[in-house]
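Heads up: the structure comes next, in structure tokens.
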Amino acid sequence: MRIIGILFGMEQSFPPALVEAINSMGVEGVSAEFVKIGGVRMDDVLRYDVILDRISHDIPFYRSVLKVAVLNGTRVVNNPFWWSADDKFLGYALAAKIGVPVPRTIIFPTKQHPPRTTSESMRNLIYPLNWDELFQYVGFPAYLKPHLGGGWRQVYKVHDPQEFFAAYDQTGDTVMVLQEAVDYEEYYRCYVIGNRVRVIPYAPHHPYHLRYTAPYQPTPEREAQLRELSLRLCTALGYDINTVEFAIRNGIPYAIDFLNPAPDAERYSVQEGNFNWIVQNTAEFLVELALQGRQIPPTYRWSALLSPPADSTPTKPEKSPRRSRRR
Ligand SMILES: Nc1ncnc2c1ncn2[C@@H]1O[C@H](COP(=O)(O)OP(=O)(O)OP(=O)(O)O)[C@@H](O)[C@H]1O
Ligand SMILES: [Mg+2]
């Protein structure tokens, strides 16, 4: 029997609906259940062939267990190594390199020293920073937001340097990025599950349960474009499940947030139609993984998608042994 385990936190509707959907598919040799975890020995092999991880970003103990599960071939969705390595600044830089439009973004030192450090620990830092130059690149208005964030925590829209510094002063030791604000005509949240994408018109400023109804629909061309860009990003990042948000300005889709490896899937907020799609497609995707069985994941996918650095010296083609013998 191949077992799919669901690891989750406060969610109410999605985990039981998913277990029910998988088990009612009646696929021979595959079953789903909630993960049960206590103390784990380093040589323990978990009974789960697939684990859907919805919560290890909040429970570091789970993250550690999941990394060891990967060593034993468990298919963990999403890959805990990449999730641990990822951050929004890297994401924007990578997106730009693979041809996905993103707003101009900068990163800079935190307002306060990280815990247990002093100015002595900061001896490599250029201080004071040349803020004018940085602001010129980004422009105003701009969004100040954590490089690892979610749920709109510490997201500030700032219109000038004064507002920036007033907000920055409140950010403590959280690493922040500053990003050009995209004044958008339309906004979409694309739900990615494996190679399936649902393009959803999204009103980000509304309360959760009203966000998934925006007063426009994508044209077929727009839908195809957002689907392709979403898959390109998630393939590069190595996420099996993610949401990719786009703000459309002058017809160009700018990727705004694509670090959502455990995206909201509650029935109440995503609404019935989306909920059913998410449950059904996640169920089918996890069953596919279960049928493939345990595997060690390949290395990070983005390395294959990048061209060599521009300033690298091209390596000379190696001479074949036969040619050198002739000489
Ligand atoms: N560069 C930008 N241009 C326009 N709007 C932006 C920009 N950055 C962020 N926003 C707005 O702020 C919201 C929150 O930003 P972001 O998605 O990066 O943070 P989050 O905490 O990850 O949010 P979520 O919980 O929705 O994933 C976005 O949904 C969008 O409405
Ligand atoms: Mg987010």
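To be explicit about the labels: the chains of the structure tokens are called A, B, and onward in the order shown, and within each one the residues are counted from 1, while ligands get numbers from 1 in the order they are shown.
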
Could you make a table, as a Markdown table, of the residues of chain A that have an atom within 9 Å of an atom of ligand 2, each with its nearest atom pair and distance in Å to one decimal, counting only C-alpha atoms and all ligand atoms, in chain and number order?
```
| residue | atom | partner | partner_atom_place_in_ligand_line | distance |
| --- | --- | --- | --- | --- |
| A:Leu148 | CA | ligand 2 | 1 (Mg) | 8.5 |
| A:Gly149 | CA | ligand 2 | 1 (Mg) | 6.1 |
| A:Gly150 | CA | ligand 2 | 1 (Mg) | 4.3 |
| A:Gly151 | CA | ligand 2 | 1 (Mg) | 6.3 |
| A:Trp152 | CA | ligand 2 | 1 (Mg) | 7.3 |
| A:Thr243 | CA | ligand 2 | 1 (Mg) | 8.2 |
| A:Val244 | CA | ligand 2 | 1 (Mg) | 8.7 |
| A:Glu245 | CA | ligand 2 | 1 (Mg) | 8.6 |
| A:Ile256 | CA | ligand 2 | 1 (Mg) | 8.9 |
| A:Asp257 | CA | ligand 2 | 1 (Mg) | 5.6 |
| A:Phe258 | CA | ligand 2 | 1 (Mg) | 6.7 |
| A:Leu259 | CA | ligand 2 | 1 (Mg) | 5.6 |
| A:Asn260 | CA | ligand 2 | 1 (Mg) | 5.0 |
| A:Pro261 | CA | ligand 2 | 1 (Mg) | 8.7 |
| A:Pro263 | CA | ligand 2 | 1 (Mg) | 7.9 |
```

Those residues with C-alpha atoms, as an mmCIF file, in the first residue's frame please?
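And here's again-v9.cif as it stands now:
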```
data_model
loop_
_atom_site.group_PDB
_atom_site.id
_atom_site.type_symbol
_atom_site.label_atom_id
_atom_site.label_comp_id
_atom_site.auth_asym_id
_atom_site.auth_seq_id
_atom_site.Cartn_x
_atom_site.Cartn_y
_atom_site.Cartn_z
ATOM 1 C CA LEU A 148 10.047 36.021 3.599
ATOM 2 C CA GLY A 149 6.484 36.999 4.222
ATOM 3 C CA GLY A 150 2.885 36.011 4.050
ATOM 4 C CA GLY A 151 -0.581 37.097 5.079
ATOM 5 C CA TRP A 152 0.270 40.753 4.384
ATOM 6 C CA THR A 243 0.203 30.444 -6.179
ATOM 7 C CA VAL A 244 1.647 33.014 -8.542
ATOM 8 C CA GLU A 245 0.161 36.501 -8.449
ATOM 9 C CA ILE A 256 4.247 40.122 -7.582
ATOM 10 C CA ASP A 257 4.202 37.192 -5.201
ATOM 11 C CA PHE A 258 5.134 33.609 -6.009
ATOM 12 C CA LEU A 259 6.435 32.378 -2.684
ATOM 13 C CA ASN A 260 3.265 30.697 -1.441
ATOM 14 C CA PRO A 261 4.212 27.027 -1.100
ATOM 15 C CA PRO A 263 -1.363 28.611 -0.416
#
```

Sel. of strand (DSSP E) residues, stretch 173-267 of chain A, as a short mmCIF file (atom, residue, chain, number, x, y, z; two decimals) with C-alpha atoms, in the first residue's frame:
```cif
data_model
loop_
_atom_site.label_atom_id
_atom_site.label_comp_id
_atom_site.auth_asym_id
_atom_site.auth_seq_id
_atom_site.Cartn_x
_atom_site.Cartn_y
_atom_site.Cartn_z
CA MET A 176 12.75 43.75 3.97
CA VAL A 177 12.69 44.44 0.25
CA LEU A 178 11.50 47.62 -1.42
CA GLN A 179 9.66 47.18 -4.68
CA GLU A 180 8.25 49.46 -7.34
CA GLU A 186 -6.21 43.71 -13.38
CA TYR A 187 -4.79 41.28 -10.85
CA TYR A 188 -4.72 37.48 -11.04
CA ARG A 189 -3.86 34.71 -8.64
CA CYS A 190 -2.79 31.58 -10.50
CA TYR A 191 -3.15 28.34 -8.55
CA VAL A 192 -0.51 25.86 -9.68
CA ILE A 193 -0.75 22.16 -8.84
CA ARG A 196 -2.32 22.25 -13.79
CA VAL A 197 -3.03 25.97 -13.46
CA ARG A 198 -6.21 27.78 -12.52
CA VAL A 199 -6.10 31.47 -13.42
CA ILE A 200 -8.31 33.34 -10.96
CA PRO A 201 -9.25 37.03 -11.16
CA ILE A 241 2.16 23.58 -5.51
CA ASN A 242 2.22 27.37 -5.38
CA THR A 243 0.20 30.44 -6.18
CA VAL A 244 1.65 33.01 -8.54
CA GLU A 245 0.16 36.50 -8.45
CA PHE A 246 0.32 38.90 -11.39
CA ALA A 247 -0.52 42.59 -11.57
CA ILE A 248 -1.31 43.68 -15.12
CA ARG A 249 -0.04 47.15 -16.03
CA ILE A 252 2.16 43.49 -19.14
CA PRO A 253 1.82 40.92 -16.34
CA TYR A 254 4.26 41.59 -13.50
CA ALA A 255 4.83 38.72 -11.09
CA ILE A 256 4.25 40.12 -7.58
CA ASP A 257 4.20 37.19 -5.20
#
```

- prompt: Which residue out of A:Pro109, A:Pro218, A:Pro115, A:Gly29 has the minimum interatomic distance to A:Pro128 when only C-alpha atoms are used?
  reply: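 Closest residue, counting only C-alpha atoms: A:Pro109.
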
Residues near A:Gly194, anyone? I mean within 9 Å using only C-alpha atoms, not counting same-chain ones fewer than 6 positions away, as a short mmCIF file (atom, residue, chain, number, x, y, z; two decimals) with C-alpha atoms, in the first residue's frame.
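Wrote it out as selection36.cif, contents follow:
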```cif
data_model
loop_
_atom_site.label_atom_id
_atom_site.label_comp_id
_atom_site.auth_asym_id
_atom_site.auth_seq_id
_atom_site.Cartn_x
_atom_site.Cartn_y
_atom_site.Cartn_z
CA LEU A 231 4.51 27.17 -14.93
CA CYS A 234 7.20 27.09 -10.60
CA TYR A 239 7.52 24.04 -6.45
CA ASP A 240 4.83 21.46 -7.16
CA ILE A 241 2.16 23.58 -5.51
CA ASN A 281 -6.47 18.48 -8.62
CA THR A 282 -4.35 18.12 -5.49
CA PHE A 285 -1.54 15.05 -8.35
#
```

Given only C-alpha atoms as the counted atoms, nearest of A:Phe8, A:Leu286, A:Gln295, A:Tyr212 to A:Ala32: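 Of A:Phe8, A:Leu286, A:Gln295, A:Tyr212, the one nearest A:Ala32, counting only C-alpha atoms, is A:Leu286.
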
Nearest residue to A:Val40 from the set A:Lys97, A:Tyr62, A:Lys145, A:Glu20 (distances using only C-alpha atoms):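 Among the listed residues, the smallest separation from A:Val40 belongs to A:Tyr62.
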
- line: Of A:Asn78, A:Thr110, A:Ser84, A:Ser269, the one sitting nearest ligand 1 when using only C-alpha atoms and all ligand atoms is A:Ser269

message: Need the shell around stretch 167-173 of chain A: protein/DNA/RNA residues with any atom at most 12 Å away, counting only C-alpha atoms. Skip same-chain ones fewer than 5 positions apart. Format as a PyMOL selection string?
response: chain A and resi 108-117+142-147+153-162+178

task: Give me the residues within 6 Å of stretch 35-39 of chain A as a PyMOL selection string, counting only C-alpha atoms and dropping any in the same chain fewer than 4 places off.
output: chain A and resi 5-7

message: Restricting the calculation to only C-alpha atoms: of A:Leu291, A:Leu210, A:Val30, A:Leu237, which residue gets closest to A:Trp83?
response: A:Leu237

- prompt: Given the choices A:Val270, A:Ile278, A:Leu226, A:Val45, which gets closest to A:His209 if the distance is worked out from only C-alpha atoms?
  reply: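 Nearest to A:His209: A:Val270.
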